[in-house]
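Shown next: run04.cif, containing mmCIF, C-alpha atoms.
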```cif
data_final
#
loop_
_atom_site.label_atom_id
_atom_site.label_comp_id
_atom_site.auth_asym_id
_atom_site.auth_seq_id
_atom_site.Cartn_x
_atom_site.Cartn_y
_atom_site.Cartn_z
CA MET A 1 146.25 -179.15 -49.83
CA GLY A 2 148.42 -176.40 -51.37
CA LYS A 3 147.54 -173.27 -53.29
CA ASN A 4 145.12 -173.64 -56.23
CA LYS A 5 147.26 -173.15 -59.34
CA VAL A 6 144.45 -173.17 -61.91
CA ILE A 7 144.54 -169.81 -63.71
CA SER A 8 143.02 -168.16 -66.76
CA VAL A 9 144.82 -168.02 -70.10
CA GLU A 10 144.96 -164.21 -69.71
CA THR A 11 146.75 -164.53 -66.39
CA ALA A 12 149.16 -167.05 -67.93
CA MET A 13 149.99 -164.65 -70.75
CA SER A 14 150.57 -161.78 -68.31
CA TYR A 15 153.72 -163.57 -67.12
CA ILE A 16 155.31 -163.42 -70.59
CA GLN A 17 157.08 -160.23 -71.65
CA ASP A 18 158.58 -159.21 -74.99
CA GLY A 19 162.21 -160.31 -75.16
CA CYS A 20 161.88 -163.13 -72.68
CA SER A 21 163.36 -166.62 -72.99
CA VAL A 22 160.83 -169.44 -73.36
CA MET A 23 161.37 -173.20 -73.15
CA ILE A 24 158.96 -175.05 -75.44
CA PRO A 25 158.89 -178.87 -75.29
CA GLY A 26 157.50 -181.21 -77.91
CA PHE A 27 158.97 -183.68 -80.39
CA VAL A 28 157.50 -183.36 -83.91
CA GLY A 29 154.38 -182.04 -82.17
CA THR A 30 154.01 -184.81 -79.57
CA GLY A 31 153.86 -183.23 -76.12
CA ALA A 32 153.86 -179.66 -77.47
CA PRO A 33 152.04 -176.93 -75.49
CA ASP A 34 149.74 -175.94 -78.35
CA THR A 35 147.13 -174.06 -76.31
CA LEU A 36 149.74 -171.85 -74.66
CA MET A 37 151.57 -171.28 -77.95
CA ARG A 38 148.35 -170.26 -79.65
CA ALA A 39 147.59 -167.84 -76.82
CA MET A 40 151.11 -166.41 -77.09
CA ILE A 41 150.59 -165.74 -80.79
CA ARG A 42 147.26 -164.00 -80.14
CA SER A 43 148.88 -161.85 -77.47
CA GLY A 44 151.57 -160.74 -79.96
CA LYS A 45 154.71 -161.29 -77.88
CA ARG A 46 157.91 -160.39 -79.74
CA HIS A 47 161.71 -160.79 -79.67
CA LEU A 48 161.47 -164.18 -78.01
CA GLU A 49 164.46 -166.40 -77.31
CA VAL A 50 163.16 -169.96 -77.70
CA ILE A 51 164.71 -173.15 -76.34
CA SER A 52 163.24 -176.23 -77.97
CA ASN A 53 164.02 -179.49 -79.75
CA ASN A 54 163.04 -178.19 -83.16
CA ALA A 55 161.37 -175.39 -85.15
CA GLY A 56 158.04 -177.16 -85.62
CA THR A 57 156.73 -177.56 -89.14
CA GLU A 58 155.93 -174.68 -91.47
CA ARG A 59 153.40 -172.40 -89.72
CA VAL A 60 152.59 -175.07 -87.13
CA GLY A 61 153.51 -174.97 -83.44
CA ILE A 62 156.87 -173.26 -83.05
CA GLY A 63 156.71 -172.85 -86.84
CA GLU A 64 153.74 -170.52 -86.32
CA LEU A 65 155.70 -168.41 -83.80
CA ILE A 66 158.52 -168.18 -86.32
CA HIS A 67 156.18 -167.36 -89.19
CA GLU A 68 154.66 -164.51 -87.15
CA GLY A 69 158.14 -163.06 -86.65
CA MET A 70 158.03 -163.49 -82.90
CA VAL A 71 161.32 -165.37 -82.49
CA ASP A 72 164.74 -163.68 -82.64
CA LEU A 73 166.88 -166.60 -81.47
CA ILE A 74 166.25 -170.33 -81.13
CA HIS A 75 168.47 -172.83 -79.28
CA CYS A 76 167.53 -176.18 -80.77
CA CYS A 77 168.69 -179.41 -82.39
CA HIS A 78 167.09 -179.64 -85.79
CA ILE A 79 165.05 -177.33 -88.04
CA GLY A 80 164.81 -179.47 -91.17
CA ARG A 81 161.06 -180.05 -90.96
CA ASN A 82 160.40 -176.32 -91.28
CA PRO A 83 161.67 -175.01 -94.65
CA GLU A 84 160.65 -171.46 -93.72
CA ALA A 85 162.87 -171.64 -90.61
CA VAL A 86 165.74 -172.97 -92.74
CA LYS A 87 165.28 -170.08 -95.18
CA LEU A 88 165.15 -167.47 -92.40
CA ALA A 89 168.22 -169.02 -90.75
CA VAL A 90 170.18 -168.89 -94.01
CA GLU A 91 169.06 -165.25 -94.53
CA GLY A 92 170.13 -164.41 -90.99
CA SER A 93 166.79 -163.08 -89.73
CA LEU A 94 166.37 -166.10 -87.43
CA LYS A 95 169.43 -166.80 -85.31
CA VAL A 96 169.87 -170.51 -84.63
CA ASP A 97 172.15 -172.03 -82.00
CA PHE A 98 172.34 -175.74 -82.88
CA ASN A 99 172.88 -178.17 -80.02
CA PRO A 100 173.28 -181.94 -80.18
CA MET A 101 170.03 -183.25 -78.73
CA GLY A 102 171.55 -185.06 -75.76
CA THR A 103 173.58 -181.96 -74.94
CA LEU A 104 170.48 -179.73 -75.10
CA ALA A 105 168.69 -182.06 -72.68
CA GLU A 106 171.63 -182.03 -70.22
CA ARG A 107 172.16 -178.25 -70.47
CA ILE A 108 168.52 -177.77 -69.48
CA ARG A 109 168.93 -180.34 -66.68
CA CYS A 110 171.94 -178.40 -65.40
CA GLY A 111 169.89 -175.21 -65.52
CA GLY A 112 167.19 -176.80 -63.40
CA ALA A 113 169.44 -178.81 -61.13
CA GLY A 114 171.85 -176.10 -59.99
CA LEU A 115 174.76 -177.59 -61.91
CA GLY A 116 177.43 -175.35 -63.41
CA GLY A 117 177.81 -177.33 -66.61
CA VAL A 118 178.26 -180.78 -68.05
CA LEU A 119 181.22 -182.57 -69.61
CA VAL A 120 180.38 -184.53 -72.77
CA LYS A 121 182.15 -186.31 -75.60
CA THR A 122 179.38 -185.37 -78.02
CA GLY A 123 180.60 -182.85 -80.56
CA LEU A 124 184.32 -183.14 -79.78
CA GLY A 125 186.26 -182.77 -83.00
CA THR A 126 183.31 -181.07 -84.72
CA MET A 127 182.05 -177.50 -85.18
CA VAL A 128 180.16 -177.91 -81.92
CA GLU A 129 183.37 -177.52 -79.89
CA GLU A 130 184.16 -174.06 -81.32
CA GLY A 131 184.39 -171.35 -78.69
CA LYS A 132 183.97 -173.80 -75.83
CA GLN A 133 186.35 -175.07 -73.18
CA ILE A 134 187.86 -178.54 -73.45
CA ILE A 135 188.63 -180.02 -70.05
CA GLU A 136 191.06 -182.84 -69.29
CA VAL A 137 189.87 -185.39 -66.75
CA ASN A 138 192.06 -188.41 -65.95
CA GLY A 139 193.83 -188.00 -69.26
CA GLU A 140 190.66 -187.81 -71.37
CA SER A 141 189.31 -184.75 -73.14
CA TRP A 142 185.78 -183.57 -72.51
CA LEU A 143 183.76 -180.68 -73.93
CA LEU A 144 182.29 -178.32 -71.33
CA GLU A 145 178.68 -177.36 -72.10
CA THR A 146 176.97 -174.70 -69.99
CA PRO A 147 173.52 -174.63 -68.34
CA LEU A 148 170.36 -173.33 -70.00
CA HIS A 149 167.73 -171.61 -67.89
CA ALA A 150 164.70 -169.62 -69.09
CA ASP A 151 162.26 -166.99 -67.89
CA ILE A 152 159.28 -169.12 -68.93
CA ALA A 153 158.58 -172.79 -69.61
CA LEU A 154 155.39 -173.78 -71.44
CA ILE A 155 154.55 -177.34 -70.39
CA HIS A 156 152.09 -179.92 -71.74
CA ALA A 157 151.08 -182.40 -69.03
CA TRP A 158 148.71 -185.34 -69.28
CA LYS A 159 147.31 -184.74 -65.82
CA ALA A 160 147.68 -181.87 -63.41
CA ASP A 161 146.03 -181.66 -60.04
CA ARG A 162 144.86 -178.31 -58.70
CA PHE A 163 148.10 -177.84 -56.75
CA GLY A 164 150.09 -178.32 -59.96
CA ASN A 165 151.40 -181.84 -59.42
CA LEU A 166 152.12 -183.13 -62.95
CA GLN A 167 152.01 -186.52 -64.63
CA PHE A 168 153.15 -187.13 -68.20
CA ARG A 169 152.34 -189.88 -70.66
CA HIS A 170 154.60 -191.97 -72.90
CA THR A 171 156.61 -190.05 -75.50
CA ALA A 172 154.57 -186.89 -74.85
CA ASN A 173 156.96 -186.30 -71.95
CA ASN A 174 160.17 -185.80 -74.01
CA PHE A 175 161.42 -182.33 -72.95
CA ASN A 176 158.48 -181.46 -70.67
CA GLU A 177 159.84 -182.96 -67.46
CA VAL A 178 163.29 -181.39 -67.64
CA MET A 179 162.06 -177.98 -68.90
CA ALA A 180 159.61 -177.75 -66.01
CA THR A 181 162.58 -177.57 -63.65
CA ALA A 182 164.60 -174.96 -65.53
CA ALA A 183 162.47 -171.81 -65.77
CA ASP A 184 161.42 -169.06 -63.37
CA ILE A 185 157.75 -169.26 -64.43
CA VAL A 186 156.26 -172.66 -65.28
CA LEU A 187 152.95 -172.50 -67.15
CA VAL A 188 151.19 -175.80 -67.75
CA GLU A 189 148.40 -176.88 -70.05
CA ALA A 190 146.92 -180.13 -68.81
CA GLU A 191 144.71 -182.55 -70.74
CA VAL A 192 142.94 -183.39 -67.51
CA ILE A 193 142.82 -181.29 -64.33
CA VAL A 194 142.10 -183.46 -61.31
CA SER A 195 141.61 -183.03 -57.59
CA VAL A 196 144.65 -182.87 -55.33
CA GLY A 197 145.47 -186.44 -54.31
CA ASP A 198 144.15 -188.05 -57.50
CA ILE A 199 147.71 -188.39 -58.80
CA VAL A 200 149.37 -190.84 -56.44
CA PRO A 201 152.80 -189.74 -55.09
CA ASP A 202 154.71 -192.30 -57.18
CA ASP A 203 153.18 -190.86 -60.36
CA VAL A 204 153.97 -187.20 -59.58
CA VAL A 205 156.87 -186.31 -61.87
CA ILE A 206 156.90 -182.54 -61.21
CA PRO A 207 155.66 -181.54 -57.75
CA GLY A 208 153.12 -178.73 -57.69
CA PHE A 209 155.26 -176.27 -55.75
CA MET A 210 157.44 -175.93 -58.88
CA VAL A 211 154.48 -174.92 -61.05
CA THR A 212 153.27 -171.32 -61.43
CA GLY A 213 149.94 -171.88 -63.15
CA VAL A 214 147.77 -174.50 -64.84
CA ILE A 215 145.27 -174.05 -67.67
CA GLN A 216 143.03 -176.58 -69.40
CA ARG A 217 144.51 -177.81 -72.70
CA ASP A 218 142.02 -176.71 -75.30
CA VAL A 219 143.36 -177.82 -78.66
CA ASP A 220 142.29 -180.80 -80.73
CA PHE A 221 145.62 -180.97 -82.43
CA MET A 222 146.42 -183.43 -85.20
CA HIS A 223 150.16 -183.03 -85.13
CA LEU A 224 152.11 -183.71 -88.30
CA MET B 1 165.83 -205.74 -105.04
CA ASP B 2 166.66 -202.07 -105.32
CA SER B 3 169.79 -200.42 -103.90
CA ARG B 4 168.20 -199.07 -100.73
CA GLU B 5 166.55 -202.39 -99.94
CA ARG B 6 169.82 -204.29 -100.47
CA ILE B 7 171.65 -201.93 -98.12
CA ALA B 8 168.93 -202.24 -95.46
CA ARG B 9 168.82 -206.05 -95.75
CA ARG B 10 172.62 -206.29 -95.35
CA CYS B 11 172.57 -204.01 -92.31
CA ALA B 12 169.91 -206.24 -90.77
CA GLY B 13 172.34 -209.12 -91.26
CA LEU B 14 174.86 -207.36 -89.00
CA LEU B 15 172.50 -207.41 -86.00
CA ASN B 16 172.78 -209.87 -83.13
CA ASP B 17 170.39 -211.38 -80.62
CA GLY B 18 169.50 -209.13 -77.70
CA GLU B 19 170.91 -205.95 -79.21
CA VAL B 20 169.45 -202.49 -78.55
CA ILE B 21 169.47 -200.57 -81.81
CA ASN B 22 168.77 -197.01 -82.92
CA LEU B 23 167.95 -196.53 -86.61
CA GLY B 24 168.50 -193.12 -88.19
CA ILE B 25 166.24 -191.53 -90.80
CA GLY B 26 166.36 -192.43 -94.49
CA ILE B 27 167.88 -195.76 -95.56
CA PRO B 28 168.67 -196.77 -91.93
CA SER B 29 164.97 -196.64 -91.04
CA LEU B 30 164.31 -199.36 -93.65
CA VAL B 31 166.32 -201.84 -91.58
CA ALA B 32 163.24 -202.13 -89.31
CA LYS B 33 161.45 -203.97 -92.15
CA TYR B 34 164.11 -206.71 -92.31
CA LEU B 35 164.94 -207.53 -88.70
CA PRO B 36 165.92 -211.22 -88.55
CA LYS B 37 163.02 -213.25 -87.19
CA ASP B 38 165.25 -215.66 -85.28
CA ILE B 39 166.72 -213.00 -82.98
CA ASP B 40 165.25 -210.70 -80.33
CA VAL B 41 166.24 -207.05 -80.77
CA TRP B 42 165.04 -203.83 -79.18
CA LEU B 43 164.62 -200.72 -81.29
CA GLN B 44 165.27 -197.51 -79.37
CA VAL B 45 164.08 -194.05 -80.45
CA GLU B 46 165.69 -190.85 -79.24
CA ASN B 47 162.42 -189.20 -78.18
CA GLY B 48 162.09 -191.75 -75.42
CA ALA B 49 160.96 -195.32 -76.16
CA ILE B 50 162.48 -198.79 -76.25
CA GLY B 51 160.92 -201.73 -78.05
CA THR B 52 159.25 -199.92 -80.93
CA ALA B 53 157.44 -202.41 -83.15
CA GLY B 54 156.13 -200.65 -86.23
CA VAL B 55 154.08 -197.71 -87.38
CA VAL B 56 150.31 -197.71 -86.81
CA GLU B 57 147.75 -195.78 -88.87
CA LYS B 58 145.14 -193.48 -87.32
CA ASN B 59 142.31 -195.98 -87.71
CA ASP B 60 144.24 -198.78 -85.97
CA PRO B 61 142.92 -199.54 -82.46
CA LEU B 62 146.54 -199.51 -81.25
CA TRP B 63 147.06 -195.89 -82.44
CA ASP B 64 148.04 -193.76 -79.46
CA LYS B 65 148.37 -189.98 -79.65
CA ASP B 66 151.25 -190.09 -77.14
CA LEU B 67 153.31 -192.88 -78.68
CA THR B 68 155.45 -191.60 -81.54
CA ASP B 69 158.92 -192.16 -82.92
CA ALA B 70 161.56 -189.54 -83.68
CA SER B 71 159.98 -188.82 -87.05
CA GLY B 72 156.55 -188.22 -85.55
CA ASN B 73 155.07 -191.51 -86.79
CA HIS B 74 152.62 -193.13 -84.40
CA ILE B 75 154.03 -196.45 -83.30
CA ARG B 76 153.30 -199.43 -81.15
CA LEU B 77 155.62 -200.95 -78.59
CA LYS B 78 156.26 -204.66 -78.28
CA THR B 79 155.50 -206.47 -75.02
CA GLY B 80 158.09 -205.42 -72.45
CA GLY B 81 158.73 -202.05 -74.07
CA ALA B 82 159.37 -198.87 -72.11
CA THR B 83 158.95 -195.12 -72.43
CA MET B 84 161.07 -192.44 -70.79
CA ASP B 85 161.83 -188.73 -70.95
CA ILE B 86 164.46 -187.13 -73.20
CA THR B 87 167.24 -187.12 -70.59
CA ASP B 88 166.84 -190.87 -70.01
CA ALA B 89 166.68 -191.52 -73.76
CA PHE B 90 170.11 -189.93 -74.02
CA VAL B 91 171.42 -191.80 -70.97
CA VAL B 92 170.78 -194.87 -73.14
CA ILE B 93 172.44 -193.32 -76.18
CA ARG B 94 175.34 -191.31 -74.70
CA GLY B 95 175.96 -193.70 -71.80
CA ASN B 96 177.17 -196.47 -74.11
CA HIS B 97 174.13 -198.68 -73.48
CA LEU B 98 173.15 -198.76 -77.14
CA ASP B 99 174.67 -201.70 -78.99
CA VAL B 100 174.19 -200.46 -82.54
CA THR B 101 173.24 -197.38 -84.48
CA VAL B 102 172.67 -197.34 -88.23
CA LEU B 103 173.24 -193.87 -89.68
CA GLY B 104 173.13 -192.27 -93.09
CA ALA B 105 176.09 -190.39 -94.51
CA PHE B 106 177.03 -187.56 -96.83
CA GLN B 107 180.66 -188.66 -96.45
CA VAL B 108 182.74 -191.21 -94.56
CA ASP B 109 186.53 -191.46 -94.75
CA GLU B 110 189.56 -193.72 -94.26
CA LYS B 111 189.72 -192.92 -90.56
CA GLY B 112 186.05 -193.64 -89.91
CA ASN B 113 185.08 -189.98 -89.72
CA LEU B 114 181.41 -189.32 -90.53
CA CYS B 115 179.63 -186.30 -92.04
CA ASN B 116 175.86 -186.39 -92.17
CA TRP B 117 174.40 -183.18 -90.81
CA ALA B 118 175.46 -180.19 -92.88
CA VAL B 119 176.48 -179.17 -96.37
CA PRO B 120 177.59 -175.52 -96.00
CA GLY B 121 175.64 -173.24 -98.31
CA GLN B 122 173.07 -175.94 -99.09
CA ILE B 123 171.82 -177.94 -96.13
CA ILE B 124 172.05 -176.53 -92.62
CA VAL B 125 169.30 -178.25 -90.71
CA GLY B 126 171.04 -179.22 -87.47
CA MET B 127 172.51 -182.40 -86.08
CA GLY B 128 169.60 -183.65 -83.96
CA GLY B 129 170.70 -186.79 -82.13
CA ALA B 130 173.29 -187.87 -84.70
CA MET B 131 176.38 -186.69 -82.80
CA ASP B 132 175.27 -188.39 -79.58
CA LEU B 133 174.57 -191.61 -81.51
CA ALA B 134 177.96 -191.38 -83.23
CA ILE B 135 179.92 -191.32 -79.96
CA GLY B 136 177.56 -193.31 -77.79
CA ALA B 137 176.71 -196.47 -79.72
CA LYS B 138 179.05 -199.43 -79.29
CA LYS B 139 178.83 -200.17 -83.03
CA VAL B 140 178.21 -197.57 -85.75
CA ILE B 141 177.05 -198.84 -89.14
CA VAL B 142 176.85 -196.37 -92.00
CA ALA B 143 174.12 -197.28 -94.49
CA ALA B 144 174.34 -195.21 -97.66
CA GLU B 145 174.37 -195.36 -101.41
CA HIS B 146 177.93 -195.61 -102.69
CA CYS B 147 177.87 -192.35 -104.62
CA ILE B 148 175.75 -189.21 -104.77
CA ASN B 149 175.26 -187.63 -108.20
CA GLY B 150 178.20 -189.73 -109.35
CA ILE B 151 180.49 -188.43 -106.59
CA PRO B 152 181.98 -191.01 -104.19
CA LYS B 153 180.84 -190.77 -100.58
CA ILE B 154 183.76 -192.86 -99.28
CA LYS B 155 186.54 -190.27 -99.25
CA LYS B 156 190.20 -190.17 -98.35
CA LYS B 157 189.33 -187.33 -95.93
CA CYS B 158 185.94 -185.81 -95.16
CA ASP B 159 185.62 -182.17 -96.16
CA LEU B 160 182.15 -181.41 -94.78
CA PRO B 161 181.29 -180.53 -91.14
CA LEU B 162 181.93 -183.66 -89.06
CA THR B 163 179.31 -185.54 -87.11
CA GLY B 164 181.94 -187.62 -85.30
CA GLU B 165 185.63 -188.43 -85.48
CA GLY B 166 186.79 -191.99 -86.05
CA ILE B 167 183.47 -193.50 -84.94
CA VAL B 168 182.33 -195.59 -87.92
CA ASP B 169 182.75 -199.38 -87.65
CA TYR B 170 181.07 -200.65 -90.83
CA ILE B 171 180.05 -199.10 -94.15
CA VAL B 172 177.29 -200.82 -96.10
CA THR B 173 176.46 -199.63 -99.62
CA GLU B 174 174.61 -201.29 -102.49
CA LEU B 175 178.01 -202.31 -103.89
CA CYS B 176 179.93 -203.57 -100.87
CA MET B 177 180.45 -203.97 -97.15
CA ILE B 178 183.54 -202.38 -95.62
CA GLU B 179 184.96 -202.86 -92.13
CA VAL B 180 186.72 -199.83 -90.65
CA THR B 181 189.90 -200.97 -88.86
CA PRO B 182 192.84 -199.15 -87.27
CA ASP B 183 194.78 -200.01 -90.46
CA GLY B 184 192.12 -198.53 -92.73
CA LEU B 185 189.06 -199.58 -94.74
CA VAL B 186 188.96 -203.33 -95.41
CA LEU B 187 186.70 -204.50 -98.24
CA ARG B 188 184.92 -207.49 -96.67
CA GLU B 189 182.11 -208.17 -99.20
CA LEU B 190 181.19 -207.29 -102.78
CA SER B 191 177.66 -207.33 -104.14
CA SER B 192 177.10 -209.95 -106.84
CA GLU B 193 175.83 -207.03 -108.95
CA THR B 194 179.24 -205.33 -109.14
CA THR B 195 182.94 -205.93 -109.66
CA LEU B 196 186.04 -205.03 -107.68
CA GLU B 197 187.01 -202.65 -110.49
CA GLU B 198 183.73 -200.76 -110.24
CA VAL B 199 184.04 -200.43 -106.45
CA LEU B 200 187.64 -199.18 -106.69
CA GLU B 201 186.63 -196.68 -109.37
CA LYS B 202 183.74 -195.36 -107.28
CA THR B 203 185.66 -195.16 -103.99
CA GLU B 204 188.02 -192.26 -103.36
CA ALA B 205 189.47 -193.76 -100.17
CA ASN B 206 192.19 -196.36 -100.26
CA LEU B 207 190.70 -199.85 -99.76
CA ILE B 208 192.58 -202.76 -98.25
CA ILE B 209 191.71 -205.84 -100.33
CA PRO B 210 191.91 -209.08 -98.29
CA GLU B 211 192.49 -212.51 -99.84
CA GLN B 212 188.92 -213.60 -99.19
CA ILE B 213 186.10 -211.25 -100.20
CA GLY B 214 182.60 -212.41 -99.35
CA ILE B 215 179.37 -211.91 -101.30
CA LEU B 216 177.17 -209.19 -99.81
CA GLU B 217 173.91 -210.90 -100.83
CA ASP B 218 174.90 -214.03 -98.83
CA ASN B 219 174.42 -212.01 -95.65
CA CYS B 220 171.31 -210.05 -96.58
CA ILE B 221 168.21 -210.89 -94.53
CA MET B 222 165.81 -212.10 -97.20
CA SER B 223 162.60 -212.98 -95.38
#
```

Give the structure from the file, written as structure tokens.
Amino acid sequence: MGKNKVISVETAMSYIQDGCSVMIPGFVGTGAPDTLMRAMIRSGKRHLEVISNNAGTERVGIGELIHEGMVDLIHCCHIGRNPEAVKLAVEGSLKVDFNPMGTLAERIRCGGAGLGGVLVKTGLGTMVEEGKQIIEVNGESWLLETPLHADIALIHAWKADRFGNLQFRHTANNFNEVMATAADIVLVEAEVIVSVGDIVPDDVVIPGFMVTGVIQRDVDFMHL
Amino acid sequence: MDSRERIARRCAGLLNDGEVINLGIGIPSLVAKYLPKDIDVWLQVENGAIGTAGVVEKNDPLWDKDLTDASGNHIRLKTGGATMDITDAFVVIRGNHLDVTVLGAFQVDEKGNLCNWAVPGQIIVGMGGAMDLAIGAKKVIVAAEHCINGIPKIKKKCDLPLTGEGIVDYIVTELCMIEVTPDGLVLRELSSETTLEEVLEKTEANLIIPEQIGILEDNCIMS
């Protein structure tokens, strides 16, 4: 049957230390781990290095983490929806490492898949190539992008069974699936927690042995 | 029709049956309103869906909390649509499976270079999926107003941070339609609301003027 992964929010938070790196999925709020983020804010973690698609909106989601001064560095693709994040980035108090979105996704995949890096055309000839290696393969130039791996991943699943098998739904997947492979500790908030076996094998996207703990998603969140 | 609508309607006229298309934010997103009714096209969004078919409001029975586009709007999918995770969405984009992308621009130049993600000192918001779209789509259409604050967007050489090098295929503004060729920018169509003189005055780049110049409005999707 496998170990029961259902844990308390307090136990989930005990895995997260100041200064750790955290992968946070979600695309303009869809598929974001709001319950876990809210718990993280209440527990006052600081000096976080965040890996995410965006910076949330002002004071919402990742935007709330930023507003509370919890984030030192964010690796992401776009911060335009959060004017406070833009202001802090311009001032220098929030360090931002911009990644083309497809590159961010593949860097995380490399981090989870044991790959040493990925060769892409995206960003060649732009600021993105600065400081990075350009590799020639069969006479063509490629930009070498390196893996991303984190201490923690906060995941939002549609369904989790008690062993931690995960199923996602529609565009709420986005970065959840790939981030769940690329962190040492994988904490999941599930909309529905079901019995082991209720998610048929074909529908299991992340097998339970890769999951550290599961909590019940507890946020009625009208994302913007 | 206003400038933005004219641009969007002309871009819609560049689409072909069966194409998979990604529309950027701003003017490009308006193209979704004017898709030709006699062709079958598939709109792709970078957060992981194919076959998007319009925005739905909260009180619509089709509203689904887990079905959104890249701007966060709740959408519906047409019959036969698909959803996927972010890595697969970018397989579609980066893997050259996307037929067309329509992107906005701060600047575009004689060599088909595109700038649309940063204005140093003013706008540093990140590139999102734009760079992947720039290199991955088979056809890149820039949809933009001809000038910004009176300053031409079609330059001899871009001087803002690049989104992509040499990747633009067509430029559609409210004044004209330009084809980017290895020889340079060819003026293919003029709007009936302008003159060649006005376009030349408002374009910094060198334009190749062919013998036959079409009328932009003839190829706008009007339904």

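Using only C-alpha atoms, the nearest neighbour of chain A within the list B:Ile50, B:Met127, B:Leu14, B:Val119 is B:Met127.
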
Find the residues around His156 of chain A up to 10 Å (only C-alpha atoms counted), leave out those fewer than 6 positions away in its own chain, and share them as a ChimeraX atom specification. /A:24-26,30-36,166-168,172-173,175-177,180,187-191,214-217

Distance filter 7 Å, all atoms listed in the file, chain B against chain A, as a compact mmCIF listing (two decimals) with C-alpha atoms, keeping the file's coordinate frame:
```
# COMPACT_ATOMS: atom_id res chain seq x y z
CA ASN B 47 162.42 -189.20 -78.18
CA GLY B 48 162.09 -191.75 -75.42
CA ALA B 49 160.96 -195.32 -76.16
CA ASP B 66 151.25 -190.09 -77.14
CA LEU B 67 153.31 -192.88 -78.68
CA THR B 68 155.45 -191.60 -81.54
CA SER B 71 159.98 -188.82 -87.05
CA GLY B 72 156.55 -188.22 -85.55
CA THR B 83 158.95 -195.12 -72.43
CA MET B 84 161.07 -192.44 -70.79
CA ASP B 85 161.83 -188.73 -70.95
CA ILE B 86 164.46 -187.13 -73.20
CA THR B 87 167.24 -187.12 -70.59
CA PHE B 90 170.11 -189.93 -74.02
CA VAL B 125 169.30 -178.25 -90.71
CA GLY B 126 171.04 -179.22 -87.47
CA MET B 127 172.51 -182.40 -86.08
CA GLY B 128 169.60 -183.65 -83.96
CA GLY B 129 170.70 -186.79 -82.13
CA MET B 131 176.38 -186.69 -82.80
CA ASP B 132 175.27 -188.39 -79.58
CA ILE B 135 179.92 -191.32 -79.96
CA PRO B 161 181.29 -180.53 -91.14
CA LEU B 162 181.93 -183.66 -89.06
CA THR B 163 179.31 -185.54 -87.11
CA GLY B 164 181.94 -187.62 -85.30
CA GLU B 165 185.63 -188.43 -85.48
```

Which of these residues is nearest to Ala144 of chain B, using all atoms listed in the file: B:Asp169, B:Glu46, B:Glu204, B:Glu174?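 So, comparing all the options, the nearest one is B:Glu174.
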
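With atom CA of Leu114 of chain B on one side and atom CA of Asp40 of chain B on the other, the separation reads 28.7 Å.
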
Reference answer for the PyMOL selection byres ((chain B and resi 221) around 8), as a ChimeraX atom specification: /B:9-10,12-13,34-36,219-220,222-223

Output requested as an mmCIF file, in the frame of the given file - segment 55-66 of chain A, filled out with N, CA and C atoms.
```cif
data_model
loop_
_atom_site.group_PDB
_atom_site.id
_atom_site.type_symbol
_atom_site.label_atom_id
_atom_site.label_comp_id
_atom_site.auth_asym_id
_atom_site.auth_seq_id
_atom_site.Cartn_x
_atom_site.Cartn_y
_atom_site.Cartn_z
ATOM 1 N N ALA A 55 162.058 -176.623 -84.740
ATOM 2 C CA ALA A 55 161.370 -175.390 -85.150
ATOM 3 C C ALA A 55 159.951 -175.679 -85.607
ATOM 4 N N GLY A 56 159.390 -176.792 -85.197
ATOM 5 C CA GLY A 56 158.040 -177.160 -85.620
ATOM 6 C C GLY A 56 158.018 -177.479 -87.103
ATOM 7 N N THR A 57 156.836 -177.453 -87.684
ATOM 8 C CA THR A 57 156.730 -177.560 -89.140
ATOM 9 C C THR A 57 156.232 -176.211 -89.638
ATOM 10 N N GLU A 58 156.225 -176.019 -90.957
ATOM 11 C CA GLU A 58 155.930 -174.680 -91.470
ATOM 12 C C GLU A 58 154.568 -174.187 -90.972
ATOM 13 N N ARG A 59 154.592 -173.050 -90.257
ATOM 14 C CA ARG A 59 153.400 -172.400 -89.720
ATOM 15 C C ARG A 59 152.638 -173.226 -88.685
ATOM 16 N N VAL A 60 153.280 -174.260 -88.130
ATOM 17 C CA VAL A 60 152.590 -175.070 -87.130
ATOM 18 C C VAL A 60 153.422 -175.124 -85.860
ATOM 19 N N GLY A 61 152.788 -174.917 -84.710
ATOM 20 C CA GLY A 61 153.510 -174.970 -83.440
ATOM 21 C C GLY A 61 154.555 -173.876 -83.378
ATOM 22 N N ILE A 62 155.796 -174.261 -83.096
ATOM 23 C CA ILE A 62 156.870 -173.260 -83.050
ATOM 24 C C ILE A 62 157.012 -172.616 -84.437
ATOM 25 N N GLY A 63 156.689 -173.379 -85.472
ATOM 26 C CA GLY A 63 156.710 -172.850 -86.840
ATOM 27 C C GLY A 63 155.777 -171.664 -87.012
ATOM 28 N N GLU A 64 154.667 -171.649 -86.245
ATOM 29 C CA GLU A 64 153.740 -170.520 -86.320
ATOM 30 C C GLU A 64 154.360 -169.296 -85.631
ATOM 31 N N LEU A 65 155.016 -169.512 -84.496
ATOM 32 C CA LEU A 65 155.700 -168.410 -83.800
ATOM 33 C C LEU A 65 156.749 -167.785 -84.715
ATOM 34 N N ILE A 66 157.476 -168.660 -85.415
ATOM 35 C CA ILE A 66 158.520 -168.180 -86.320
ATOM 36 C C ILE A 66 157.907 -167.435 -87.489
#
```
